[in-house]
Every structure is written in C-alpha cells, then in structure tokens.
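In what follows, a structure is listed as structure tokens, so that the remarks can point back to it.
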Amino acid sequence: MEAVVRRKAAAYVCRSCTRQFQRQLRRNYSNSAPRPDIYDVVCVGGGPAGLSLLTALRANPVTSHLRVALVEAQDLSKVKSWKLPPNKYSNRCSSLTPTSALFLDQIGAWEHLDQTRVQPYHEMQVWDGVTDARIEFDWAPGSAPVEGTTIAYMNENLNLTSGLLKRLEQLGGVSVFEGAKVENITFGEETEDLDLSQWPVVHISGGKQLTARLLVGADGANSPVRAFAGIDAKGWDYDRHGVVATLEMEGEGWGGEHTKIAYQRFLPTGPVAMLPMPGNIATLVWSTTPENASLLKRLPPKDFVAMVNAAFRLSTVDLAFMHTQGADQDDEYSWRLQHTPFNSRAVPQTVVGVQEGTVASFPLKMRHADTYIGERVALVGDAAHTIHPLAGQGLNQGQGDVQSLAKTIEFAVTHGQDIGSIMSLESYVSERYTANHVLLGVVDKLHKLYSAESGPLVPLRSLGLNAVNALGPLKSFFMKQAAGSGTKIF
C-alpha cells in the first residue's frame, strides 16, 4: 500500500484505501502540517442538481463506496422538514418531464416527494397574443408515447429538494456541511509523499478544508466553482422579469381533475403562463418588463387578479393601457371584458384569488459556460447554463446533466480511471453541451420572435403555429420532445 500512497493520485479513492492512506498520512504529517481531508467527490450546492447527483452516486452500487461531501450555505434541516398546509402552495414551481421523473424514481427519490402536491398535466394551449394563432398540444389517438399521456409534472421546488434530502438521509454515507459558506477555493500542496497541487481544496466557514478528487459546481448562476476553474460564461440579460404567484381558480380546469391543461400566451412584452397545480390551484409565470413587474407586485389582490385574467383574454392594446393605470384595474378589466369577444373554453378558468405573500419576481437572463469541465472540476445545472423560463426546461436540463455526469463517473470507476481527469470527464461534456446549447438557442430565438408586435415576422410566426397545429405527426414530434420522450436529436 505504501507504493500506492507514494505515487501521484490516480484511481478513485475507495474506503479501504482511504483508511490506509490516512494512517500513512498520520505518520507523515504527525510532526508537520495537518493531514488533508480527501474526498472523491465534493459537491458545492444543495439544490435539485447537487442533491440529485449525490443521491445517484450513493444509490448506484458501483459508485456507492466513493467518499462524497456536500457543501451548502443554507440550513438543510429546514428544507428537509418543509411542509405547507394542503391548501397553500409555494410560488417557486417547476415542470418535470416524464424522463426527469423516471430518473428520480430510478435513484429512489420520487417516492419521497409528497405526491399529493405533484400535478401531472396532459395538454397545453399556446397562442400568439397579437394574432391569436394557436397550437393545441393534445395527444391524437395512438400518438402518445408508451410512458403515457403526461406532458410534464408540476411540482414545488421545495417538495423536490425535501424529497431528495430524505432519500439521501436514507442512503447515508454523505458528509454534509450545511450552513457552510465557501470562503475560498485553492489548489492543494505537493509534499514529499503526496502531490495534491492540482487538486481543488474548498475552504468553508469554520476553517474546514475539503480536498476533492472531483469538485462539482452545482452552485448556481454565480458559481464560485466555475470562477475557480477559470471557465467563462457568455450570454445576456433580457431586460425582463419573471413574475410568479400562486393563484386560486374558480374550478379545477376545463378538463376536470384527470385532464389538466397548461396555458401560455405570447405577449409582446413576454409570455405569460398558467400551469396547473392540484385542485383549483395554479402557478403563474409572467415574463414582462421590469416596470410592469414592479406595478404587478404593488397592486392590491383584486387588481392583480384582474391583470392576470386580462393577460389571457384582452387584446395587447387593452392590456398595455391597464399597465399604465396606478389603480382600479379591476373596474377597468370588467368594463373592457364586456367589449371583448373570446372563447371562454380556450383560455384558463377565471382566477378568483391570489395567495398572500406569493407575488414575487426575478430577473431573466441567458448564460452558457464555455465548457462544463476543467481538471478535477465539473459544472451542472445553473452553474453551467441559465435559460429563459418560457419552455419550462431549466430544471430538466439540470437533471439531464446530473444523469450524464453520474453515468460518466460510474464508467470511470468501473474501468479504473481517475474520475477527476479531463479524459474521464470528456464524455459528459460531449453528451450534454451541444444538446443544451441548441435548446438555449431555440428558446432565446422564440423569445425574440414573439417580442415583435408588427412587421413581416408576425404573420410568418402565425403561419408556423397554425401549420404545426394542423400537421399531426409534426405536433406529436414536438410534444414528445417537450415531454423528454422523443428521439434525441443531438
């Protein structure tokens, strides 16, 4: 074993090797520097991406022996014990494709989510706010995938992270450093017996230092891990804010309890989407200008509800005028609705209330890292890419990253490779980078395409929507892609 200790770090660190390795280090460092605390994988960030990765590694017999650690600035005990009354819902929700849900089920996390708060939806209505051209994403007979007719599952983000934490606790074997802020990331040192000069060392509050064979950045758009690796991220701000809220509807939807429908209308200022939650609850995601977002957040509940109902029913001209009013949107909406013909079954049921404290907003941006890997570094989720929410794919992109990286690590372990080397990580970036880049580009172009109020783009985009809606096989192709069950293009 002494020969193994003396050679430069190469293969993964199994538990038995680690114990002997640490005994040797105690002898070598007893009269000098403190021994390094070495992990195979250190993940910075305890959101859905980071928790899913560690759960996947611990649930897989091939990688379950790896020594892994989680560093998270928040108090995770509060997240794990998260619970709301049955009739109250968080305003931060995401859609999970059936493919993402299947992955969570395979790693044993899906059953730990509160299923009474998860809502599948089976149809989606999308239309142009200027021309009313529409595409109805509903499964034609015989066109649904074998997995079922579910397009996606709406779920609160905290329900997901709470379920992942419960599964991780069940699996055990993870060193969790919660409430720990990353103060610095440096390289290790080279000694007479061990060369850690290319190994990342994470310095966290309290003076603790974690040395990583592979450092994973799941630490968000402003990733310290990405900064340490010297990986640049390019993109732009949209000068738009996403307004979110938890809404109460007059009923369970036109399709009833068992056929939930999602709605999205493209307005010149950005898309507005209403996504079903259990019962008569829906979640709102409205992309709009910072000025409009500021107005919406300060309106009293009845006027806010009027604006949301107007966003799905009134003309873009009427809606723009209502944004100029400082108050009394409720009265203005009632009057204008009397003079606006529309098909009530083609829009969401009427919003009758908004849950207190759920109206909030966040800036929208697009970012993409130049690469997802460096020597002994890998990025997943928002640390690697940030996408406009109009397609609801941000969380699913992160889950796709995690699934690919976990598979890459498994391959390296199986074949005796160094899990932190560029060569071992290359398959991860080759599988995920192009696919994510294409999706980022498509969503960005859609945002810009539907921002036009006039000109030749308006009839052309309407023609495209109507054409896709009329061509059943093409529409089924797009639905399967949205559900994550279609053929991989890249």
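Convention: chains lettered A, B, ... in structure tokens order; per-chain residue numbering from 1; ligands numbered from 1 as shown.
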DSSP helix (DSSP H, G or I) residues within range 308-468 of chain A, as a PyMOL selection string: chain A and resi 308-311+316-323+329-337+344-346+381-383+389-391+394-414+422-449+457-468
Nearest to Gly398 in chain A by atom-to-atom distance, counting only C-alpha atoms, from A:Pro341, A:Pro36, A:Gly47, A:Gly206: A:Gly47
Interatomic distance (Å, one decimal) between CA of Ala152 in chain A and CA of Tyr428 in chain A: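 It comes out at 25.2 Å.
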Nearest residue to Val380 in chain A from the set A:Leu314, A:Leu319, A:Leu168, A:Ala221 (distances using only C-alpha atoms):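 Closest residue, counting only C-alpha atoms: A:Ala221.
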Exercise: Phe304 in chain A partners within 12 Å, only C-alpha atoms, chain neighbours under 3 positions left out, as a VMD selection string: chain A and resid 243 to 247 284 292 to 301 307 to 311 322 to 323 325 to 331 333 351 to 356 358 to 359
Given only C-alpha atoms as the counted atoms, nearest of A:Ile151, A:Met249, A:Met274, A:Ala69 to Ala101 in chain A: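 Of A:Ile151, A:Met249, A:Met274, A:Ala69, the one nearest Ala101 in chain A, counting only C-alpha atoms, is A:Ile151.
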Using only C-alpha atoms: which of A:Leu54, A:Leu337, A:Ala227, A:Ile281 has the shortest distance to Asn87 in chain A: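 Residue with the minimum atom-to-atom distance to Asn87 in chain A: A:Ile281.
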List the neighbours of Val68 in chain A out to 10 Å using only C-alpha atoms; skip same-chain residues closer than 5 positions along the sequence, and give me the result as a CSV table (one decimal) with all heavy atoms, in the first residue's frame.
chain,number,residue,atom,x,y,z
A,38,ILE,N,-9.6,14.3,2.4
A,38,ILE,CA,-9.7,14.0,1.0
A,38,ILE,C,-11.1,13.3,0.7
A,38,ILE,O,-11.4,12.3,1.4
A,38,ILE,CB,-8.6,13.1,0.4
A,38,ILE,CG1,-7.3,13.9,0.6
A,38,ILE,CG2,-8.8,12.7,-1.0
A,38,ILE,CD1,-6.0,13.2,0.1
A,39,TYR,N,-11.7,13.8,-0.3
A,39,TYR,CA,-13.0,13.2,-0.8
A,39,TYR,C,-12.9,12.9,-2.3
A,39,TYR,O,-12.2,13.5,-3.0
A,39,TYR,CB,-14.2,14.1,-0.6
A,39,TYR,CG,-14.6,14.3,0.9
A,39,TYR,CD1,-13.9,15.3,1.6
A,39,TYR,CD2,-15.6,13.5,1.4
A,39,TYR,CE1,-14.3,15.5,3.0
A,39,TYR,CE2,-15.9,13.7,2.8
A,39,TYR,CZ,-15.3,14.7,3.5
A,39,TYR,OH,-15.6,14.8,4.8
A,40,ASP,N,-13.6,11.8,-2.7
A,40,ASP,CA,-13.7,11.5,-4.1
A,40,ASP,C,-14.5,12.6,-4.9
A,40,ASP,O,-14.1,13.1,-5.9
A,40,ASP,CB,-14.3,10.2,-4.4
A,40,ASP,CG,-13.5,9.0,-3.9
A,40,ASP,OD1,-12.4,8.9,-4.4
A,40,ASP,OD2,-13.9,8.3,-2.9
A,41,VAL,N,-15.6,13.0,-4.3
A,41,VAL,CA,-16.5,14.0,-4.9
A,41,VAL,C,-16.9,15.0,-3.8
A,41,VAL,O,-17.4,14.6,-2.8
A,41,VAL,CB,-17.7,13.4,-5.6
A,41,VAL,CG1,-18.6,14.5,-6.2
A,41,VAL,CG2,-17.4,12.4,-6.6
A,42,VAL,N,-16.7,16.3,-4.1
A,42,VAL,CA,-17.2,17.3,-3.2
A,42,VAL,C,-18.1,18.1,-4.1
A,42,VAL,O,-17.7,18.6,-5.2
A,42,VAL,CB,-16.1,18.2,-2.7
A,42,VAL,CG1,-16.7,19.4,-1.9
A,42,VAL,CG2,-15.2,17.5,-1.8
A,43,CYS,N,-19.4,18.2,-3.7
A,43,CYS,CA,-20.4,19.0,-4.5
A,43,CYS,C,-20.7,20.2,-3.7
A,43,CYS,O,-21.2,20.2,-2.5
A,43,CYS,CB,-21.7,18.1,-4.7
A,43,CYS,SG,-23.0,18.9,-5.6
A,54,LEU,N,-25.6,13.5,-5.9
A,54,LEU,CA,-25.1,12.7,-4.7
A,54,LEU,C,-26.0,11.6,-4.5
A,54,LEU,O,-25.6,10.5,-4.1
A,54,LEU,CB,-25.0,13.6,-3.5
A,54,LEU,CG,-24.0,14.7,-3.6
A,54,LEU,CD1,-24.0,15.6,-2.3
A,54,LEU,CD2,-22.6,14.1,-3.8
A,57,LEU,N,-25.2,8.9,-7.1
A,57,LEU,CA,-23.9,8.2,-6.7
A,57,LEU,C,-24.1,7.2,-5.6
A,57,LEU,O,-23.5,6.1,-5.6
A,57,LEU,CB,-22.8,9.2,-6.4
A,57,LEU,CG,-22.4,10.2,-7.6
A,57,LEU,CD1,-21.4,11.2,-7.1
A,57,LEU,CD2,-21.8,9.4,-8.7
A,58,ARG,N,-24.8,7.6,-4.6
A,58,ARG,CA,-25.0,6.8,-3.4
A,58,ARG,C,-25.9,5.6,-3.7
A,58,ARG,O,-25.8,4.5,-3.1
A,58,ARG,CB,-25.6,7.6,-2.2
A,58,ARG,CG,-24.6,8.6,-1.7
A,58,ARG,CD,-23.4,8.0,-1.0
A,58,ARG,NE,-23.8,7.1,0.1
A,58,ARG,CZ,-23.2,5.9,0.3
A,58,ARG,NH1,-22.1,5.5,-0.4
A,58,ARG,NH2,-23.6,5.2,1.3
A,173,GLY,N,-24.0,7.9,4.2
A,173,GLY,CA,-22.7,7.9,3.6
A,173,GLY,C,-22.3,9.2,3.0
A,173,GLY,O,-21.3,9.3,2.2
A,174,VAL,N,-23.0,10.3,3.2
A,174,VAL,CA,-22.6,11.6,2.7
A,174,VAL,C,-22.2,12.6,3.8
A,174,VAL,O,-23.0,12.7,4.8
A,174,VAL,CB,-23.8,12.3,1.9
A,174,VAL,CG1,-23.3,13.6,1.4
A,174,VAL,CG2,-24.2,11.4,0.7
A,175,SER,N,-21.0,13.2,3.7
A,175,SER,CA,-20.6,14.2,4.7
A,175,SER,C,-21.3,15.5,4.3
A,175,SER,O,-21.0,16.0,3.3
A,175,SER,CB,-19.1,14.3,4.7
A,175,SER,OG,-18.5,13.1,5.1
A,176,VAL,N,-22.2,16.0,5.1
A,176,VAL,CA,-23.0,17.2,4.8
A,176,VAL,C,-22.5,18.3,5.6
A,176,VAL,O,-22.5,18.3,6.9
A,176,VAL,CB,-24.5,17.0,5.0
A,176,VAL,CG1,-25.3,18.3,4.7
A,176,VAL,CG2,-25.0,15.8,4.2
A,212,ALA,N,-10.7,17.7,-3.0
A,212,ALA,CA,-11.6,16.9,-3.8
A,212,ALA,C,-10.8,16.3,-5.0
A,212,ALA,O,-10.1,17.0,-5.7
A,212,ALA,CB,-12.7,17.8,-4.4
A,213,ARG,N,-11.0,15.0,-5.2
A,213,ARG,CA,-10.6,14.4,-6.5
A,213,ARG,C,-11.4,15.0,-7.6
A,213,ARG,O,-10.9,15.2,-8.7
A,213,ARG,CB,-10.8,12.9,-6.4
A,213,ARG,CG,-10.2,12.1,-7.6
A,213,ARG,CD,-10.4,10.6,-7.4
A,213,ARG,NE,-9.5,10.2,-6.4
A,213,ARG,CZ,-8.2,9.9,-6.6
A,213,ARG,NH1,-7.6,10.0,-7.8
A,213,ARG,NH2,-7.4,9.5,-5.6
A,214,LEU,N,-12.7,15.2,-7.4
A,214,LEU,CA,-13.6,15.8,-8.4
A,214,LEU,C,-14.5,16.8,-7.6
A,214,LEU,O,-15.2,16.5,-6.7
A,214,LEU,CB,-14.5,14.8,-9.1
A,214,LEU,CG,-15.5,15.4,-10.0
A,214,LEU,CD1,-14.9,16.2,-11.2
A,214,LEU,CD2,-16.4,14.3,-10.6
Residue nearest Leu53 in chain A - candidates A:Ser451, A:Asn343, A:Ser462, A:Gln399, atoms counted: only C-alpha atoms: A:Gln399
As a PDB file with C-alpha atoms, in the first residue's frame, please: all residues of range 170-265 of chain A that backbone DSSP puts in strand (DSSP E).
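Saved the output as result.pdb:
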ATOM      1  CA  VAL A 174     -22.603  11.635   2.694  1.00  0.00           C
ATOM      2  CA  SER A 175     -20.627  14.175   4.718  1.00  0.00           C
ATOM      3  CA  VAL A 176     -22.973  17.177   4.803  1.00  0.00           C
ATOM      4  CA  PHE A 177     -21.589  20.614   5.628  1.00  0.00           C
ATOM      5  CA  GLU A 178     -24.720  22.777   5.868  1.00  0.00           C
ATOM      6  CA  VAL A 182     -17.458  28.736   0.632  1.00  0.00           C
ATOM      7  CA  GLU A 183     -14.797  31.260   1.604  1.00  0.00           C
ATOM      8  CA  ASN A 184     -12.188  30.249  -0.950  1.00  0.00           C
ATOM      9  CA  ILE A 185     -11.152  27.507  -3.358  1.00  0.00           C
ATOM     10  CA  THR A 186      -7.451  26.869  -3.865  1.00  0.00           C
ATOM     11  CA  PHE A 187      -5.165  24.107  -5.045  1.00  0.00           C
ATOM     12  CA  PRO A 200      -9.104  21.627  -5.548  1.00  0.00           C
ATOM     13  CA  VAL A 201      -9.331  22.472  -1.861  1.00  0.00           C
ATOM     14  CA  VAL A 202     -12.624  24.012  -0.701  1.00  0.00           C
ATOM     15  CA  HIS A 203     -12.222  26.336   2.286  1.00  0.00           C
ATOM     16  CA  ILE A 204     -15.508  26.701   4.160  1.00  0.00           C
ATOM     17  CA  GLN A 209     -10.839  22.376   4.253  1.00  0.00           C
ATOM     18  CA  LEU A 210     -12.084  19.695   1.863  1.00  0.00           C
ATOM     19  CA  THR A 211      -9.759  18.290  -0.789  1.00  0.00           C
ATOM     20  CA  ALA A 212     -11.568  16.936  -3.845  1.00  0.00           C
ATOM     21  CA  ARG A 213     -10.588  14.399  -6.456  1.00  0.00           C
ATOM     22  CA  LEU A 214     -13.590  15.822  -8.363  1.00  0.00           C
ATOM     23  CA  LEU A 215     -15.166  19.153  -7.438  1.00  0.00           C
ATOM     24  CA  VAL A 216     -18.726  19.582  -8.748  1.00  0.00           C
ATOM     25  CA  GLY A 217     -20.210  23.041  -9.099  1.00  0.00           C
ATOM     26  CA  ALA A 233     -19.905  32.137 -19.213  1.00  0.00           C
ATOM     27  CA  LYS A 234     -21.371  34.153 -22.078  1.00  0.00           C
ATOM     28  CA  GLY A 235     -24.877  35.452 -22.585  1.00  0.00           C
ATOM     29  CA  TRP A 236     -27.087  38.447 -21.897  1.00  0.00           C
ATOM     30  CA  ASP A 237     -29.822  39.830 -19.712  1.00  0.00           C
ATOM     31  CA  TYR A 238     -33.276  40.010 -21.281  1.00  0.00           C
ATOM     32  CA  ASP A 239     -34.335  43.221 -19.519  1.00  0.00           C
ATOM     33  CA  ARG A 240     -37.332  41.185 -18.388  1.00  0.00           C
ATOM     34  CA  HIS A 241     -38.519  39.936 -15.025  1.00  0.00           C
ATOM     35  CA  GLY A 242     -40.409  36.744 -14.292  1.00  0.00           C
ATOM     36  CA  VAL A 243     -43.412  37.452 -12.057  1.00  0.00           C
ATOM     37  CA  VAL A 244     -44.568  34.403 -10.102  1.00  0.00           C
ATOM     38  CA  ALA A 245     -47.632  33.864  -7.916  1.00  0.00           C
ATOM     39  CA  THR A 246     -49.884  31.128  -6.556  1.00  0.00           C
ATOM     40  CA  LEU A 247     -53.410  31.548  -7.912  1.00  0.00           C
ATOM     41  CA  GLU A 248     -56.805  30.267  -6.859  1.00  0.00           C
ATOM     42  CA  MET A 249     -59.115  29.364  -9.750  1.00  0.00           C
ATOM     43  CA  ILE A 261     -54.271  21.784 -19.095  1.00  0.00           C
ATOM     44  CA  ALA A 262     -51.383  24.291 -19.138  1.00  0.00           C
ATOM     45  CA  TYR A 263     -51.772  27.640 -20.897  1.00  0.00           C
ATOM     46  CA  GLN A 264     -49.233  30.035 -22.405  1.00  0.00           C
ATOM     47  CA  ARG A 265     -49.900  33.240 -24.317  1.00  0.00           C
TER      48      ARG A 265
END
12 Å contact set for Leu76 in chain A, only C-alpha atoms, chain neighbours under 4 positions out, as a list of chain:residue names: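 Within the cut-off, the hits are A:Gly45, A:Gly46, A:Gly47, A:Leu51, A:Leu70, A:Val71, A:Glu72, A:Lys80, A:Ser81, A:Trp82, A:Leu158, A:Thr161, A:Ser162, A:Gly163, A:Leu164, A:Leu165, A:Lys166, A:Leu168, A:Glu169, A:Val176, A:Phe177, A:Glu178, A:Gly179, A:Ala180.
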Gap from CA of Met124 in chain A to CA of Asp401 in chain A - Å, one decimal: 25.9 Å
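Closest approach to Ile387 in chain A among A:Lys445, A:His339, A:His112, A:Arg67: A:Lys445, based on only C-alpha atoms.
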